[in-house]
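Pasting entry12.cif here (mmCIF, N, CA and C atoms):
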data_protein
#
loop_
_atom_site.label_atom_id
_atom_site.label_comp_id
_atom_site.auth_asym_id
_atom_site.auth_seq_id
_atom_site.Cartn_x
_atom_site.Cartn_y
_atom_site.Cartn_z
N MET A 17 88.09 94.47 -27.33
CA MET A 17 86.70 94.16 -27.59
C MET A 17 85.81 95.21 -26.95
N ARG A 18 84.67 95.36 -27.50
CA ARG A 18 83.75 96.36 -27.00
C ARG A 18 82.95 95.80 -25.82
N ALA A 19 82.41 96.69 -25.04
CA ALA A 19 81.62 96.31 -23.86
C ALA A 19 80.41 95.48 -24.26
N SER A 20 79.83 95.78 -25.40
CA SER A 20 78.64 95.03 -25.83
C SER A 20 78.98 93.57 -26.14
N THR A 21 80.19 93.33 -26.60
CA THR A 21 80.63 91.96 -26.87
C THR A 21 80.75 91.19 -25.56
N TYR A 22 81.32 91.82 -24.54
CA TYR A 22 81.44 91.17 -23.24
C TYR A 22 80.06 90.92 -22.63
N LEU A 23 79.18 91.88 -22.80
CA LEU A 23 77.83 91.74 -22.28
C LEU A 23 77.11 90.59 -22.97
N ALA A 24 77.24 90.49 -24.27
CA ALA A 24 76.60 89.40 -25.01
C ALA A 24 77.16 88.05 -24.57
N ALA A 25 78.48 87.99 -24.38
CA ALA A 25 79.10 86.74 -23.92
C ALA A 25 78.61 86.39 -22.52
N PHE A 26 78.48 87.39 -21.65
CA PHE A 26 77.99 87.15 -20.29
C PHE A 26 76.55 86.65 -20.32
N VAL A 27 75.70 87.25 -21.12
CA VAL A 27 74.30 86.84 -21.22
C VAL A 27 74.22 85.41 -21.75
N PHE A 28 74.99 85.10 -22.76
CA PHE A 28 74.99 83.74 -23.32
C PHE A 28 75.46 82.73 -22.28
N ALA A 29 76.54 83.05 -21.59
CA ALA A 29 77.07 82.13 -20.57
C ALA A 29 76.08 81.95 -19.44
N SER A 30 75.43 83.02 -19.02
CA SER A 30 74.44 82.93 -17.96
C SER A 30 73.26 82.05 -18.37
N ALA A 31 72.82 82.22 -19.59
CA ALA A 31 71.71 81.40 -20.09
C ALA A 31 72.12 79.93 -20.17
N ALA A 32 73.33 79.68 -20.63
CA ALA A 32 73.82 78.30 -20.73
C ALA A 32 73.92 77.65 -19.36
N LEU A 33 74.45 78.39 -18.39
CA LEU A 33 74.55 77.86 -17.03
C LEU A 33 73.18 77.64 -16.42
N GLY A 34 72.25 78.52 -16.70
CA GLY A 34 70.88 78.35 -16.22
C GLY A 34 70.24 77.09 -16.78
N LEU A 35 70.46 76.84 -18.05
CA LEU A 35 69.92 75.64 -18.70
C LEU A 35 70.55 74.38 -18.12
N VAL A 36 71.84 74.40 -17.90
CA VAL A 36 72.53 73.25 -17.30
C VAL A 36 72.00 73.00 -15.89
N ASN A 37 71.84 74.06 -15.12
CA ASN A 37 71.32 73.93 -13.76
C ASN A 37 69.92 73.34 -13.77
N TYR A 38 69.06 73.83 -14.66
CA TYR A 38 67.69 73.32 -14.78
C TYR A 38 67.70 71.85 -15.15
N THR A 39 68.56 71.45 -16.05
CA THR A 39 68.65 70.05 -16.49
C THR A 39 69.13 69.17 -15.35
N ILE A 40 70.12 69.60 -14.62
CA ILE A 40 70.64 68.82 -13.50
C ILE A 40 69.58 68.67 -12.42
N GLN A 41 68.86 69.74 -12.11
CA GLN A 41 67.81 69.67 -11.10
C GLN A 41 66.73 68.67 -11.51
N GLY A 42 66.38 68.65 -12.78
CA GLY A 42 65.39 67.71 -13.28
C GLY A 42 65.87 66.27 -13.17
N ALA A 43 67.14 66.06 -13.48
CA ALA A 43 67.70 64.71 -13.39
C ALA A 43 67.74 64.23 -11.94
N VAL A 44 68.13 65.11 -11.04
CA VAL A 44 68.17 64.75 -9.62
C VAL A 44 66.77 64.44 -9.11
N ALA A 45 65.78 65.24 -9.50
CA ALA A 45 64.40 65.00 -9.07
C ALA A 45 63.89 63.66 -9.60
N ALA A 46 64.21 63.34 -10.85
CA ALA A 46 63.78 62.06 -11.42
C ALA A 46 64.46 60.89 -10.71
N LEU A 47 65.73 61.03 -10.40
CA LEU A 47 66.46 59.98 -9.69
C LEU A 47 65.89 59.80 -8.28
N ASP A 48 65.58 60.90 -7.61
CA ASP A 48 65.00 60.83 -6.27
C ASP A 48 63.64 60.14 -6.30
N LYS A 49 62.83 60.44 -7.29
CA LYS A 49 61.51 59.82 -7.43
C LYS A 49 61.66 58.32 -7.67
N ALA A 50 62.59 57.93 -8.53
CA ALA A 50 62.81 56.51 -8.81
C ALA A 50 63.33 55.78 -7.57
N THR A 51 64.20 56.44 -6.81
CA THR A 51 64.73 55.84 -5.58
C THR A 51 63.62 55.65 -4.57
N ALA A 52 62.76 56.65 -4.40
CA ALA A 52 61.64 56.54 -3.46
C ALA A 52 60.73 55.39 -3.86
N HIS A 53 60.47 55.24 -5.15
CA HIS A 53 59.63 54.15 -5.64
C HIS A 53 60.28 52.79 -5.36
N GLN A 54 61.57 52.70 -5.63
CA GLN A 54 62.28 51.45 -5.40
C GLN A 54 62.26 51.07 -3.92
N CYS A 55 62.47 52.03 -3.05
CA CYS A 55 62.47 51.76 -1.61
C CYS A 55 61.07 51.36 -1.14
N ALA A 56 60.04 52.03 -1.65
CA ALA A 56 58.67 51.76 -1.21
C ALA A 56 58.16 50.41 -1.73
N THR A 57 58.65 49.98 -2.89
CA THR A 57 58.14 48.72 -3.47
C THR A 57 59.10 47.56 -3.26
N HIS A 58 60.22 47.82 -2.58
CA HIS A 58 61.24 46.79 -2.32
C HIS A 58 61.72 46.15 -3.63
N ASP A 59 61.97 46.98 -4.60
CA ASP A 59 62.39 46.53 -5.92
C ASP A 59 63.91 46.38 -5.95
N TRP A 60 64.39 45.30 -5.33
CA TRP A 60 65.82 45.03 -5.29
C TRP A 60 66.06 43.54 -5.21
N PRO A 61 67.26 43.07 -5.51
CA PRO A 61 67.57 41.64 -5.44
C PRO A 61 67.44 41.13 -4.01
N ALA A 62 66.95 39.91 -3.86
CA ALA A 62 66.72 39.32 -2.53
C ALA A 62 68.00 39.26 -1.71
N ASP A 63 69.12 38.99 -2.35
CA ASP A 63 70.37 38.87 -1.60
C ASP A 63 70.91 40.22 -1.12
N LYS A 64 70.33 41.32 -1.60
CA LYS A 64 70.76 42.65 -1.19
C LYS A 64 69.67 43.36 -0.38
N ALA A 65 68.64 42.63 0.04
CA ALA A 65 67.49 43.24 0.70
C ALA A 65 67.86 43.97 1.98
N ALA A 66 68.62 43.34 2.84
CA ALA A 66 68.94 43.95 4.14
C ALA A 66 69.75 45.23 3.95
N ALA A 67 70.76 45.18 3.12
CA ALA A 67 71.62 46.36 2.91
C ALA A 67 70.84 47.49 2.23
N THR A 68 70.03 47.15 1.26
CA THR A 68 69.28 48.17 0.53
C THR A 68 68.21 48.79 1.41
N LYS A 69 67.53 47.97 2.19
CA LYS A 69 66.51 48.50 3.10
C LYS A 69 67.16 49.44 4.12
N ALA A 70 68.29 49.05 4.66
CA ALA A 70 69.01 49.90 5.61
C ALA A 70 69.42 51.22 4.96
N TRP A 71 69.88 51.15 3.70
CA TRP A 71 70.28 52.37 2.99
C TRP A 71 69.07 53.29 2.81
N CYS A 72 67.94 52.72 2.43
CA CYS A 72 66.73 53.53 2.24
C CYS A 72 66.35 54.24 3.53
N ILE A 73 66.34 53.51 4.63
CA ILE A 73 65.98 54.09 5.93
C ILE A 73 66.98 55.16 6.33
N ASP A 74 68.26 54.88 6.19
CA ASP A 74 69.31 55.84 6.56
C ASP A 74 69.22 57.13 5.75
N ASN A 75 68.70 57.04 4.53
CA ASN A 75 68.62 58.21 3.66
C ASN A 75 67.23 58.84 3.62
N GLY A 76 66.36 58.41 4.53
CA GLY A 76 65.06 59.07 4.68
C GLY A 76 63.96 58.62 3.75
N TYR A 77 64.12 57.49 3.10
CA TYR A 77 63.09 56.97 2.20
C TYR A 77 62.21 55.98 2.95
N SER A 78 60.92 56.01 2.66
CA SER A 78 59.98 55.09 3.28
C SER A 78 60.17 53.68 2.70
N VAL A 79 60.14 52.70 3.58
CA VAL A 79 60.23 51.31 3.11
C VAL A 79 58.93 50.58 3.38
N ALA A 80 57.86 51.33 3.68
CA ALA A 80 56.53 50.72 3.86
C ALA A 80 56.09 50.17 2.51
N LYS A 81 55.86 48.88 2.47
CA LYS A 81 55.53 48.21 1.21
C LYS A 81 54.22 48.75 0.66
N ARG A 82 54.21 49.11 -0.60
CA ARG A 82 52.99 49.62 -1.26
C ARG A 82 52.19 48.46 -1.78
#
Kindly return the structure encoded in the file as structure tokens.
Amino acid sequence: MRASTYLAAFVFASAALGLVNYTIQGAVAALDKATAHQCATHDWPADKAAATKAWCIDNGYSVAKR
């Protein structure tokens, strides 16, 4: 194969990996935002309140009720 073919494959793969990375970062940010909201509003089942509140605190999320 010619060098230009390898270069084209490398550029395509790099772009694909960049897109995947961007998508994953967006998903993680959305999940983090939803988790912060859930911890701040105490949006969890009553029977799991103590464990969930402890998890939020242990992971750095505010549990101050909004």
If the PyMOL selection byres ((chain A and resi 58) around 7) is run on the structure shown, which residues does it catch, given as an mmCIF file with N, CA and C atoms, keeping the file's coordinate frame?
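Saved the output as part_32.cif:
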data_model
loop_
_atom_site.group_PDB
_atom_site.id
_atom_site.type_symbol
_atom_site.label_atom_id
_atom_site.label_comp_id
_atom_site.auth_asym_id
_atom_site.auth_seq_id
_atom_site.Cartn_x
_atom_site.Cartn_y
_atom_site.Cartn_z
ATOM 1 N N HIS A 53 60.470 55.240 -5.150
ATOM 2 C CA HIS A 53 59.630 54.150 -5.640
ATOM 3 C C HIS A 53 60.280 52.790 -5.360
ATOM 4 N N GLN A 54 61.570 52.700 -5.630
ATOM 5 C CA GLN A 54 62.280 51.450 -5.400
ATOM 6 C C GLN A 54 62.260 51.070 -3.920
ATOM 7 N N CYS A 55 62.470 52.030 -3.050
ATOM 8 C CA CYS A 55 62.470 51.760 -1.610
ATOM 9 C C CYS A 55 61.070 51.360 -1.140
ATOM 10 N N ALA A 56 60.040 52.030 -1.650
ATOM 11 C CA ALA A 56 58.670 51.760 -1.210
ATOM 12 C C ALA A 56 58.160 50.410 -1.730
ATOM 13 N N THR A 57 58.650 49.980 -2.890
ATOM 14 C CA THR A 57 58.140 48.720 -3.470
ATOM 15 C C THR A 57 59.100 47.560 -3.260
ATOM 16 N N ASP A 59 61.970 46.980 -4.600
ATOM 17 C CA ASP A 59 62.390 46.530 -5.920
ATOM 18 C C ASP A 59 63.910 46.380 -5.950
ATOM 19 N N TRP A 60 64.390 45.300 -5.330
ATOM 20 C CA TRP A 60 65.820 45.030 -5.290
ATOM 21 C C TRP A 60 66.060 43.540 -5.210
ATOM 22 N N PRO A 61 67.260 43.070 -5.510
ATOM 23 C CA PRO A 61 67.570 41.640 -5.440
ATOM 24 C C PRO A 61 67.440 41.130 -4.010
ATOM 25 N N VAL A 79 60.140 52.700 3.580
ATOM 26 C CA VAL A 79 60.230 51.310 3.110
ATOM 27 C C VAL A 79 58.930 50.580 3.380
ATOM 28 N N ALA A 80 57.860 51.330 3.680
ATOM 29 C CA ALA A 80 56.530 50.720 3.860
ATOM 30 C C ALA A 80 56.090 50.170 2.510
ATOM 31 N N LYS A 81 55.860 48.880 2.470
ATOM 32 C CA LYS A 81 55.530 48.210 1.210
ATOM 33 C C LYS A 81 54.220 48.750 0.660
ATOM 34 N N ARG A 82 54.210 49.110 -0.600
ATOM 35 C CA ARG A 82 52.990 49.620 -1.260
ATOM 36 C C ARG A 82 52.190 48.460 -1.780
#
Using backbone DSSP assignments, extract all helix (DSSP H, G or I) residues from chain A; output them as a VMD selection string.
chain A and resid 19 to 57 62 to 74
For the atom pair atom C of A:Leu35 and atom N of A:Tyr77, what is the interatomic distance in Å to one decimal place?
27.9 Å
Emit as AutoDock Vina command-line options the padded axis-aligned box for all listed atoms of stretch 46-60 of chain A, 3 Å per side, with centre and edge lengths in Å to one decimal.
--center_x 62.3 --center_y 53.4 --center_z -6.3 --size_x 14.3 --size_y 25.8 --size_z 16.3
What separation in Å, quoted to one decimal, exists between atom C of A:Val44 and atom CA of A:Asn75?
14.3 Å
Atom C of A:Ala25 and atom CA of A:Ala43 are how many Å apart?
25.9 Å
Given only C-alpha atoms as the basis, pick out the residue of A:Ala67, A:Ala32, A:Val27, A:Cys72 nearest to A:Asp48.
A:Cys72
